[in-house]
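Structure file final34.cif (mmCIF, C-alpha atoms) is printed below.
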data_data
#
loop_
_atom_site.label_atom_id
_atom_site.label_comp_id
_atom_site.auth_asym_id
_atom_site.auth_seq_id
_atom_site.Cartn_x
_atom_site.Cartn_y
_atom_site.Cartn_z
CA MET A 112 27.14 68.59 -102.25
CA ALA A 113 30.01 69.87 -104.34
CA ASP A 114 32.18 67.44 -106.22
CA VAL A 115 35.61 68.72 -105.31
CA GLY A 116 37.51 66.29 -107.42
CA SER A 117 37.64 62.74 -108.59
CA SER A 118 40.16 60.77 -110.52
CA LYS A 119 40.72 57.27 -111.73
CA HIS A 120 43.82 55.19 -111.74
CA ASP A 121 44.57 51.55 -112.34
CA ALA A 122 45.03 50.93 -108.63
CA LEU A 123 43.03 53.57 -106.78
CA THR A 124 39.71 55.20 -107.47
CA MET A 125 39.14 58.35 -105.47
CA ASP A 126 36.25 60.73 -105.08
CA VAL A 127 36.55 63.73 -102.77
CA ARG A 128 33.45 65.76 -101.94
CA ASP A 129 32.51 68.64 -99.70
CA GLU A 130 29.37 67.58 -97.84
CA ASN A 131 28.07 70.51 -95.78
CA GLY A 132 31.55 71.40 -94.57
CA THR A 133 32.72 67.83 -94.06
CA VAL A 134 35.31 66.45 -96.46
CA ALA A 135 34.01 63.08 -97.65
CA VAL A 136 36.61 60.86 -99.29
CA PHE A 137 35.50 57.76 -101.15
CA LEU A 138 38.38 55.39 -101.79
CA SER A 139 38.39 52.07 -103.58
CA GLY A 140 41.10 49.82 -104.92
CA GLU A 141 44.65 49.91 -103.59
CA LEU A 142 45.98 52.73 -101.43
CA ASP A 143 49.78 52.51 -101.58
CA MET A 144 52.53 55.12 -101.79
CA THR A 145 51.50 56.06 -105.32
CA GLY A 146 47.85 56.57 -104.40
CA VAL A 147 48.72 58.34 -101.15
CA THR A 148 50.44 61.15 -103.02
CA ARG A 149 47.32 61.77 -105.08
CA ALA A 150 44.92 61.33 -102.18
CA ARG A 151 46.88 63.72 -100.02
CA ALA A 152 46.84 66.44 -102.68
CA ALA A 153 43.10 66.05 -103.25
CA ILE A 154 42.23 66.06 -99.54
CA ASP A 155 44.53 69.04 -98.87
CA ALA A 156 42.76 70.96 -101.61
CA ALA A 157 39.36 70.07 -100.17
CA LEU A 158 40.38 71.05 -96.63
CA GLY A 159 41.54 74.41 -97.91
CA GLY A 160 43.70 74.95 -94.85
CA ARG A 161 40.75 74.81 -92.46
CA PRO A 162 40.50 72.17 -89.75
CA ARG A 163 37.36 70.32 -90.71
CA ARG A 164 35.98 66.86 -90.33
CA VAL A 165 37.27 64.25 -92.77
CA ILE A 166 35.36 61.03 -93.37
CA LEU A 167 37.02 58.28 -95.36
CA TYR A 168 34.63 55.75 -96.84
CA ALA A 169 36.82 52.68 -97.08
CA SER A 170 34.51 49.77 -97.93
CA GLY A 171 36.04 49.46 -101.40
CA LEU A 172 39.64 49.65 -100.26
CA ASN A 173 41.11 46.19 -100.75
CA TYR A 174 44.70 47.20 -99.99
CA MET A 175 46.37 49.72 -97.72
CA ASP A 176 49.84 49.80 -96.18
CA SER A 177 51.89 52.01 -93.87
CA SER A 178 51.87 54.81 -96.44
CA GLY A 179 48.09 54.97 -95.97
CA ILE A 180 48.59 54.93 -92.20
CA ALA A 181 51.00 57.87 -92.57
CA LEU A 182 48.31 59.72 -94.56
CA LEU A 183 45.77 59.11 -91.79
CA VAL A 184 48.25 60.38 -89.18
CA LEU A 185 48.84 63.50 -91.23
CA LEU A 186 45.09 64.05 -91.51
CA THR A 187 44.65 63.84 -87.74
CA HIS A 188 47.08 66.78 -87.47
CA LYS A 189 45.28 68.85 -90.10
CA ALA A 190 41.63 67.98 -89.64
CA GLN A 191 39.32 68.61 -86.74
CA GLU A 192 38.33 64.96 -86.70
CA VAL A 193 39.10 61.90 -88.84
CA GLN A 194 36.65 59.07 -89.31
CA VAL A 195 37.08 55.83 -91.23
CA ARG A 196 33.81 54.20 -92.28
CA ASN A 197 33.24 50.57 -93.15
CA PRO A 198 36.87 49.47 -93.43
CA THR A 199 37.68 46.19 -95.11
CA PRO A 200 39.45 43.57 -92.94
CA ILE A 201 42.96 44.55 -94.09
CA VAL A 202 42.34 48.25 -93.37
CA ARG A 203 40.75 47.55 -90.00
CA GLN A 204 43.55 45.18 -89.00
CA LEU A 205 46.21 47.69 -90.01
CA ILE A 206 44.53 50.52 -88.08
CA GLU A 207 44.30 48.36 -84.96
CA MET A 208 47.83 46.93 -85.29
CA THR A 209 49.40 50.38 -85.55
CA GLY A 210 47.38 51.82 -82.66
CA LEU A 211 45.66 54.39 -84.87
CA SER A 212 42.30 53.39 -83.46
CA GLU A 213 43.37 55.59 -80.51
CA ILE A 214 43.51 58.76 -82.60
CA LEU A 215 40.73 58.30 -85.13
CA HIS A 216 37.19 57.05 -85.18
CA VAL A 217 36.47 53.76 -86.93
CA SER A 218 32.88 52.74 -87.45
CA ASN A 219 30.65 50.50 -89.50
CA GLU A 220 27.77 52.92 -89.67
CA ASN A 221 26.19 53.06 -93.06
CA GLN A 222 25.68 56.48 -94.45
CA PRO A 223 24.12 57.37 -97.78
CA MET B 48 60.84 26.13 -106.81
CA LYS B 49 62.05 29.69 -106.57
CA THR B 50 60.70 32.43 -108.79
CA SER B 51 62.22 35.90 -108.97
CA ARG B 52 61.42 39.25 -110.45
CA SER B 53 63.61 42.32 -110.76
CA LEU B 54 61.91 45.66 -110.27
CA SER B 55 62.95 49.27 -110.62
CA SER B 56 63.20 51.88 -107.88
CA ASP B 57 59.79 53.31 -108.64
CA PRO B 58 56.72 53.75 -106.40
CA ALA B 59 54.62 51.80 -108.91
CA ALA B 60 57.02 48.86 -108.52
CA THR B 61 55.68 48.26 -105.02
CA ARG B 62 52.36 47.31 -106.56
CA SER B 63 54.06 45.12 -109.17
CA ALA B 64 55.88 43.33 -106.34
CA ARG B 65 52.65 42.65 -104.45
CA HIS B 66 50.84 41.31 -107.47
CA PHE B 67 53.80 39.19 -108.55
CA VAL B 68 53.88 37.45 -105.17
CA LEU B 69 50.08 37.04 -104.92
CA ASP B 70 50.01 35.49 -108.40
CA GLU B 71 52.65 32.99 -107.30
CA VAL B 72 50.74 32.16 -104.10
CA GLY B 73 47.50 31.45 -105.94
CA HIS B 74 44.47 30.40 -103.90
CA ALA B 75 44.75 31.06 -100.18
CA PRO B 76 42.45 32.38 -97.46
CA ALA B 77 41.73 36.10 -97.87
CA GLY B 78 43.35 36.98 -94.55
CA ILE B 79 46.58 35.23 -95.54
CA ARG B 80 46.62 36.93 -98.94
CA ASP B 81 46.05 40.30 -97.24
CA ALA B 82 48.94 39.68 -94.85
CA ILE B 83 51.24 38.60 -97.68
CA ALA B 84 50.36 41.64 -99.81
CA LEU B 85 50.95 43.94 -96.86
CA MET B 86 54.34 42.46 -95.97
CA VAL B 87 55.55 42.48 -99.58
CA GLY B 88 54.30 46.05 -99.94
CA GLU B 89 56.21 47.17 -96.85
CA LEU B 90 59.47 45.50 -97.91
CA ALA B 91 59.18 46.83 -101.46
CA MET B 92 58.45 50.30 -100.12
CA ASN B 93 61.55 50.12 -97.93
CA ALA B 94 63.62 49.30 -101.01
CA VAL B 95 62.13 52.13 -103.07
CA GLN B 96 62.02 54.81 -100.36
CA HIS B 97 65.05 54.10 -98.23
CA ALA B 98 67.48 51.98 -100.22
CA GLN B 99 66.52 53.90 -103.37
CA THR B 100 67.76 51.14 -105.62
CA GLY B 101 66.17 48.62 -107.89
CA PHE B 102 65.24 45.45 -106.06
CA GLN B 103 64.60 41.78 -106.59
CA VAL B 104 61.67 39.80 -105.20
CA THR B 105 62.05 36.05 -104.79
CA VAL B 106 59.18 33.72 -103.91
CA GLU B 107 59.40 30.12 -102.74
CA LEU B 108 56.45 27.99 -101.63
CA THR B 109 57.53 24.78 -99.93
CA ASP B 110 55.22 22.43 -98.01
CA GLY B 111 52.75 25.12 -97.10
CA THR B 112 55.33 27.72 -96.11
CA LEU B 113 55.79 30.78 -98.26
CA ARG B 114 59.18 32.48 -98.16
CA VAL B 115 59.57 35.89 -99.78
CA GLU B 116 62.91 37.66 -100.11
CA VAL B 117 63.36 41.30 -101.11
CA THR B 118 66.94 42.16 -102.04
CA ASP B 119 68.20 45.67 -102.66
CA SER B 120 71.66 47.16 -103.03
CA GLY B 121 71.22 50.11 -100.69
CA GLY B 122 73.58 50.66 -97.79
CA ASN B 123 70.87 51.80 -95.38
CA TYR B 124 69.94 49.91 -92.23
CA PRO B 125 66.22 49.14 -92.00
CA ALA B 126 64.65 50.27 -88.72
CA ALA B 127 63.52 47.14 -86.94
CA GLY B 128 62.32 48.63 -83.66
CA PRO B 129 58.95 48.36 -81.96
CA MET B 130 55.75 49.76 -83.44
CA PRO B 131 56.05 53.58 -83.23
CA PRO B 132 53.41 55.60 -81.36
CA PRO B 133 50.17 56.39 -83.23
CA SER B 134 51.17 59.99 -83.91
CA SER B 135 54.37 58.96 -85.71
CA SER B 136 54.36 59.35 -89.45
CA ARG B 137 56.97 56.66 -90.20
CA GLY B 138 58.86 53.59 -89.04
CA ARG B 139 56.02 51.05 -89.28
CA GLY B 140 57.25 48.85 -92.14
CA LEU B 141 59.24 46.20 -90.33
CA PRO B 142 57.09 46.31 -87.17
CA ILE B 143 54.13 45.38 -89.40
CA VAL B 144 56.13 42.50 -90.90
CA ASP B 145 57.07 41.44 -87.37
CA ARG B 146 53.37 41.28 -86.41
CA LEU B 147 52.27 39.27 -89.44
CA ALA B 148 55.14 36.94 -90.31
CA ASP B 149 55.85 33.57 -88.73
CA ALA B 150 59.55 34.41 -89.12
CA TRP B 151 61.55 37.20 -90.74
CA GLY B 152 65.06 38.50 -90.87
CA ILE B 153 67.71 40.56 -92.60
CA THR B 154 70.70 39.05 -94.35
CA TRP B 155 73.63 41.34 -94.99
CA SER B 156 76.09 40.65 -97.73
CA PRO B 157 79.31 42.47 -96.83
CA PRO B 158 81.58 43.82 -98.09
CA ALA B 159 79.24 44.87 -100.90
CA LEU B 160 76.35 47.16 -100.10
CA GLY B 161 72.95 45.62 -100.00
CA LYS B 162 70.79 43.27 -98.05
CA THR B 163 68.00 40.77 -98.24
CA VAL B 164 64.94 41.17 -96.03
CA TRP B 165 62.87 37.99 -95.92
CA PHE B 166 59.76 36.66 -94.26
CA GLU B 167 57.99 33.34 -93.99
CA ILE B 168 54.30 32.68 -93.44
CA ALA B 169 52.27 29.48 -93.41
CA VAL B 170 49.84 29.21 -96.28
CA PRO B 171 47.22 26.67 -95.14
CA SER B 172 47.15 23.45 -97.13
CA GLY B 173 44.05 22.30 -98.92
CA THR B 174 43.92 25.51 -100.88
CA GLU B 175 45.80 23.97 -103.76
CA PRO B 176 44.41 21.24 -106.00
CA GLU B 177 45.18 17.75 -104.77
CA PRO B 178 47.97 16.13 -106.80
CA ASN B 179 45.72 13.18 -107.67
CA ALA B 180 42.58 15.19 -108.31
CA ALA B 181 42.85 14.70 -112.06
CA ALA B 182 42.66 10.91 -111.64
CA GLY B 183 39.62 11.17 -109.39
CA LEU B 184 36.99 10.23 -111.95
CA ASP B 185 37.81 6.59 -112.44
CA SER B 186 39.63 5.93 -109.21
CA PRO B 187 36.60 4.87 -107.10
CA SER B 188 35.97 1.83 -109.29
CA ARG B 189 39.63 0.86 -109.31
CA PRO B 190 41.28 -0.45 -106.21
CA ALA B 191 44.64 1.11 -105.48
CA PRO B 192 47.52 -0.92 -106.82
CA VAL B 193 48.53 -3.51 -104.26
CA PRO B 194 52.23 -4.11 -103.84
CA SER B 195 53.13 -7.63 -104.86
CA ALA B 196 53.42 -9.95 -101.92
CA GLY B 197 57.09 -10.50 -102.44
CA LEU B 198 58.02 -6.85 -101.89
CA PRO B 199 59.68 -5.98 -98.61
CA ALA B 200 56.97 -3.46 -97.69
CA SER B 201 58.54 -2.08 -94.57
CA GLU B 202 61.78 -1.35 -96.30
CA ASP B 203 59.84 0.32 -99.08
CA ARG B 204 58.03 2.65 -96.69
CA GLY B 205 61.29 3.42 -95.01
CA GLY B 206 62.61 4.63 -98.29
CA LEU B 207 59.67 6.94 -98.83
CA SER B 208 59.70 8.45 -95.37
CA GLY B 209 62.79 10.42 -96.18
CA ARG B 210 60.59 12.95 -97.96
CA ALA B 211 63.47 14.73 -99.57
CA HIS B 212 62.33 18.04 -100.97
CA ALA B 213 63.43 18.07 -104.55
CA THR B 214 64.09 21.60 -105.67
#
Encoded form (structure tokens):
Amino acid sequence: MADVGSSKHDALTMDVRDENGTVAVFLSGELDMTGVTRARAAIDAALGGRPRRVILYASGLNYMDSSGIALLVLLTHKAQEVQVRNPTPIVRQLIEMTGLSEILHVSNENQP
Amino acid sequence: MKTSRSLSSDPAATRSARHFVLDEVGHAPAGIRDAIALMVGELAMNAVQHAQTGFQVTVELTDGTLRVEVTDSGGNYPAAGPMPPPSSSRGRGLPIVDRLADAWGITWSPPALGKTVWFEIAVPSGTEPEPNAAAGLDSPSRPAPVPSAGLPASEDRGGLSGRAHAT
């Protein structure tokens, strides 16, 4: 498991890892337009231009808005598959409200 | 009582706007606070991204209804259409507000550029301290003051039922 990059910010804590070819993104805090810019750059770097699976671990994400939705849409174009694990109520509600549950996989499976 | 804050046209200002409003709201159910944060975030983002001007956020909580106004001086017209398809990368701001708000609207102020986008949402009562809570300790042993017999009680109640909202 290679630690591709992690960074801290007042609003968003992000940890991006390569786990056996899958890009695992651990997000906590607030994902708004400021955080999206950083998250996008880190995930792009981890994808390295190859369509791979991206899993976003979202249990610590207590805010997300349409800028985060736009990031997820972008990832569905670039990645082979996009999964969102353990979303908080606001993230789950936003994904359902915007119809994104049709184009990505949302689950509550726990994974170490 | 209205409270306002002026913010700059800066991505970080969208977060300042959310936290300003949530601080004013105080205690409320988590789902309501989430909805408020999301709507404020979307309106602030519209001001920063599309109007590209500084903006002002105004909060007013009256009888369990929160009204938030976001005013910018941009000449753009916010897109208020239906929720775009899942593959779209934009255009979700106002559709999200439309889903979550009890009421919302846009007020234009011609001939000058600029507009106010506002929303209202019910914030359930009982989440704020009762006005008389501070007097609670000794109140059980003291009967409530009884109006003197001579008072025209009905007329008195009539006066109170007006419930004028002092602002």
So, with only C-alpha atoms as the atoms that count, which of B:Val95, B:Met48, B:Val104, B:Met130 lies closest to chain A?
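For chain A, the nearest of the given residues is B:Met130.
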Closest of A:Leu183, A:Val202, A:Ala190, A:Ala157 to Gly140 (chain A) - atom-to-atom distances counting all atoms listed in the file:
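Answer, going by the shortest atom-to-atom distance: A:Val202.
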So that I can check the surroundings of Thr187 (chain A), please list as JSON, numbers by chain every protein, DNA and RNA residue that reaches within 12 Å of it, counting all atoms listed in the file and ignoring chain neighbours fewer than 6 positions away.
{"A": [162, 163, 164, 165, 166, 180, 181, 193, 194, 195, 211, 212, 213, 214, 215, 216], "B": [133, 134, 135, 136]}
Counting only C-alpha atoms, which residue out of B:Ser156, B:Thr112, B:Thr118, B:Thr105 sits closest to Thr50 (chain B)?
B:Thr105
Identify every residue of chain B that has at least one atom within 9 Å of any atom of chain A, counting all atoms listed in the file, and report the result as a count of residues only.
27
If I take CA of Arg151 (chain A) and CA of Glu220 (chain A), how far is one from the other in Å, to one decimal?
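Distance between the two atoms: 24.3 Å.
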Residues within 9 Å of Glu71 (chain B), all atoms listed in the file, excluding chain neighbours under 3 positions, as a VMD selection string
chain B and resid 50 66 to 68 106 to 108
With the file shown as input, list the residues that the PyMOL selection byres ((chain B and resi 126) around 7) selects, as a PyMOL selection string.
chain B and resi 124-125+127-128+138+141
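The space between CA of Ser218 (chain A) and CA of Tyr168 (chain A) spans 10.0 Å.
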Generate the missing atoms of region 186-211 of chain A up to N, CA and C atoms and report them as a PDB file, keeping the file's coordinate frame.
ATOM      1  N   LEU A 186      46.430  63.462 -91.541  1.00  0.00           N
ATOM      2  CA  LEU A 186      45.090  64.050 -91.510  1.00  0.00           C
ATOM      3  C   LEU A 186      44.650  64.375 -90.091  1.00  0.00           C
ATOM      4  N   THR A 187      45.045  63.543 -89.131  1.00  0.00           N
ATOM      5  CA  THR A 187      44.650  63.840 -87.740  1.00  0.00           C
ATOM      6  C   THR A 187      45.298  65.140 -87.255  1.00  0.00           C
ATOM      7  N   HIS A 188      46.446  65.504 -87.844  1.00  0.00           N
ATOM      8  CA  HIS A 188      47.080  66.780 -87.470  1.00  0.00           C
ATOM      9  C   HIS A 188      46.371  67.964 -88.122  1.00  0.00           C
ATOM     10  N   LYS A 189      45.839  67.746 -89.324  1.00  0.00           N
ATOM     11  CA  LYS A 189      45.280  68.850 -90.100  1.00  0.00           C
ATOM     12  C   LYS A 189      43.786  69.026 -89.894  1.00  0.00           C
ATOM     13  N   ALA A 190      43.090  67.924 -89.688  1.00  0.00           N
ATOM     14  CA  ALA A 190      41.630  67.980 -89.640  1.00  0.00           C
ATOM     15  C   ALA A 190      41.152  68.089 -88.190  1.00  0.00           C
ATOM     16  N   GLN A 191      39.926  68.513 -88.053  1.00  0.00           N
ATOM     17  CA  GLN A 191      39.320  68.610 -86.740  1.00  0.00           C
ATOM     18  C   GLN A 191      39.062  67.198 -86.189  1.00  0.00           C
ATOM     19  N   GLU A 192      38.676  66.317 -87.091  1.00  0.00           N
ATOM     20  CA  GLU A 192      38.330  64.960 -86.700  1.00  0.00           C
ATOM     21  C   GLU A 192      38.491  64.064 -87.929  1.00  0.00           C
ATOM     22  N   VAL A 193      38.967  62.834 -87.724  1.00  0.00           N
ATOM     23  CA  VAL A 193      39.100  61.900 -88.840  1.00  0.00           C
ATOM     24  C   VAL A 193      38.291  60.644 -88.531  1.00  0.00           C
ATOM     25  N   GLN A 194      37.435  60.295 -89.464  1.00  0.00           N
ATOM     26  CA  GLN A 194      36.650  59.070 -89.310  1.00  0.00           C
ATOM     27  C   GLN A 194      36.946  58.137 -90.477  1.00  0.00           C
ATOM     28  N   VAL A 195      36.962  56.836 -90.177  1.00  0.00           N
ATOM     29  CA  VAL A 195      37.080  55.830 -91.230  1.00  0.00           C
ATOM     30  C   VAL A 195      35.823  54.971 -91.155  1.00  0.00           C
ATOM     31  N   ARG A 196      35.075  54.943 -92.256  1.00  0.00           N
ATOM     32  CA  ARG A 196      33.810  54.200 -92.280  1.00  0.00           C
ATOM     33  C   ARG A 196      33.941  52.901 -93.058  1.00  0.00           C
ATOM     34  N   ASN A 197      33.360  51.871 -92.485  1.00  0.00           N
ATOM     35  CA  ASN A 197      33.240  50.570 -93.150  1.00  0.00           C
ATOM     36  C   ASN A 197      34.552  50.027 -93.715  1.00  0.00           C
ATOM     37  N   PRO A 198      35.597  49.974 -92.891  1.00  0.00           N
ATOM     38  CA  PRO A 198      36.870  49.470 -93.430  1.00  0.00           C
ATOM     39  C   PRO A 198      36.800  47.987 -93.761  1.00  0.00           C
ATOM     40  N   THR A 199      37.529  47.603 -94.781  1.00  0.00           N
ATOM     41  CA  THR A 199      37.680  46.190 -95.110  1.00  0.00           C
ATOM     42  C   THR A 199      38.593  45.553 -94.054  1.00  0.00           C
ATOM     43  N   PRO A 200      38.639  44.217 -93.995  1.00  0.00           N
ATOM     44  CA  PRO A 200      39.450  43.570 -92.940  1.00  0.00           C
ATOM     45  C   PRO A 200      40.905  44.026 -92.919  1.00  0.00           C
ATOM     46  N   ILE A 201      41.537  44.178 -94.092  1.00  0.00           N
ATOM     47  CA  ILE A 201      42.960  44.550 -94.090  1.00  0.00           C
ATOM     48  C   ILE A 201      43.146  45.962 -93.528  1.00  0.00           C
ATOM     49  N   VAL A 202      42.226  46.867 -93.854  1.00  0.00           N
ATOM     50  CA  VAL A 202      42.340  48.250 -93.370  1.00  0.00           C
ATOM     51  C   VAL A 202      42.078  48.297 -91.866  1.00  0.00           C
ATOM     52  N   ARG A 203      41.061  47.575 -91.427  1.00  0.00           N
ATOM     53  CA  ARG A 203      40.750  47.550 -90.000  1.00  0.00           C
ATOM     54  C   ARG A 203      41.906  46.951 -89.198  1.00  0.00           C
ATOM     55  N   GLN A 204      42.449  45.843 -89.698  1.00  0.00           N
ATOM     56  CA  GLN A 204      43.550  45.180 -89.000  1.00  0.00           C
ATOM     57  C   GLN A 204      44.769  46.091 -88.899  1.00  0.00           C
ATOM     58  N   LEU A 205      45.046  46.808 -89.984  1.00  0.00           N
ATOM     59  CA  LEU A 205      46.210  47.690 -90.010  1.00  0.00           C
ATOM     60  C   LEU A 205      46.022  48.863 -89.036  1.00  0.00           C
ATOM     61  N   ILE A 206      44.818  49.401 -88.992  1.00  0.00           N
ATOM     62  CA  ILE A 206      44.530  50.520 -88.080  1.00  0.00           C
ATOM     63  C   ILE A 206      44.685  50.065 -86.625  1.00  0.00           C
ATOM     64  N   GLU A 207      44.211  48.854 -86.334  1.00  0.00           N
ATOM     65  CA  GLU A 207      44.300  48.360 -84.960  1.00  0.00           C
ATOM     66  C   GLU A 207      45.750  48.016 -84.599  1.00  0.00           C
ATOM     67  N   MET A 208      46.444  47.366 -85.534  1.00  0.00           N
ATOM     68  CA  MET A 208      47.830  46.930 -85.290  1.00  0.00           C
ATOM     69  C   MET A 208      48.757  48.104 -85.006  1.00  0.00           C
ATOM     70  N   THR A 209      48.510  49.232 -85.689  1.00  0.00           N
ATOM     71  CA  THR A 209      49.400  50.380 -85.550  1.00  0.00           C
ATOM     72  C   THR A 209      48.947  51.331 -84.447  1.00  0.00           C
ATOM     73  N   GLY A 210      47.847  50.997 -83.765  1.00  0.00           N
ATOM     74  CA  GLY A 210      47.380  51.820 -82.660  1.00  0.00           C
ATOM     75  C   GLY A 210      46.633  53.062 -83.103  1.00  0.00           C
ATOM     76  N   LEU A 211      46.336  53.176 -84.402  1.00  0.00           N
ATOM     77  CA  LEU A 211      45.660  54.390 -84.870  1.00  0.00           C
ATOM     78  C   LEU A 211      44.208  54.477 -84.422  1.00  0.00           C
TER      79      LEU A 211
END
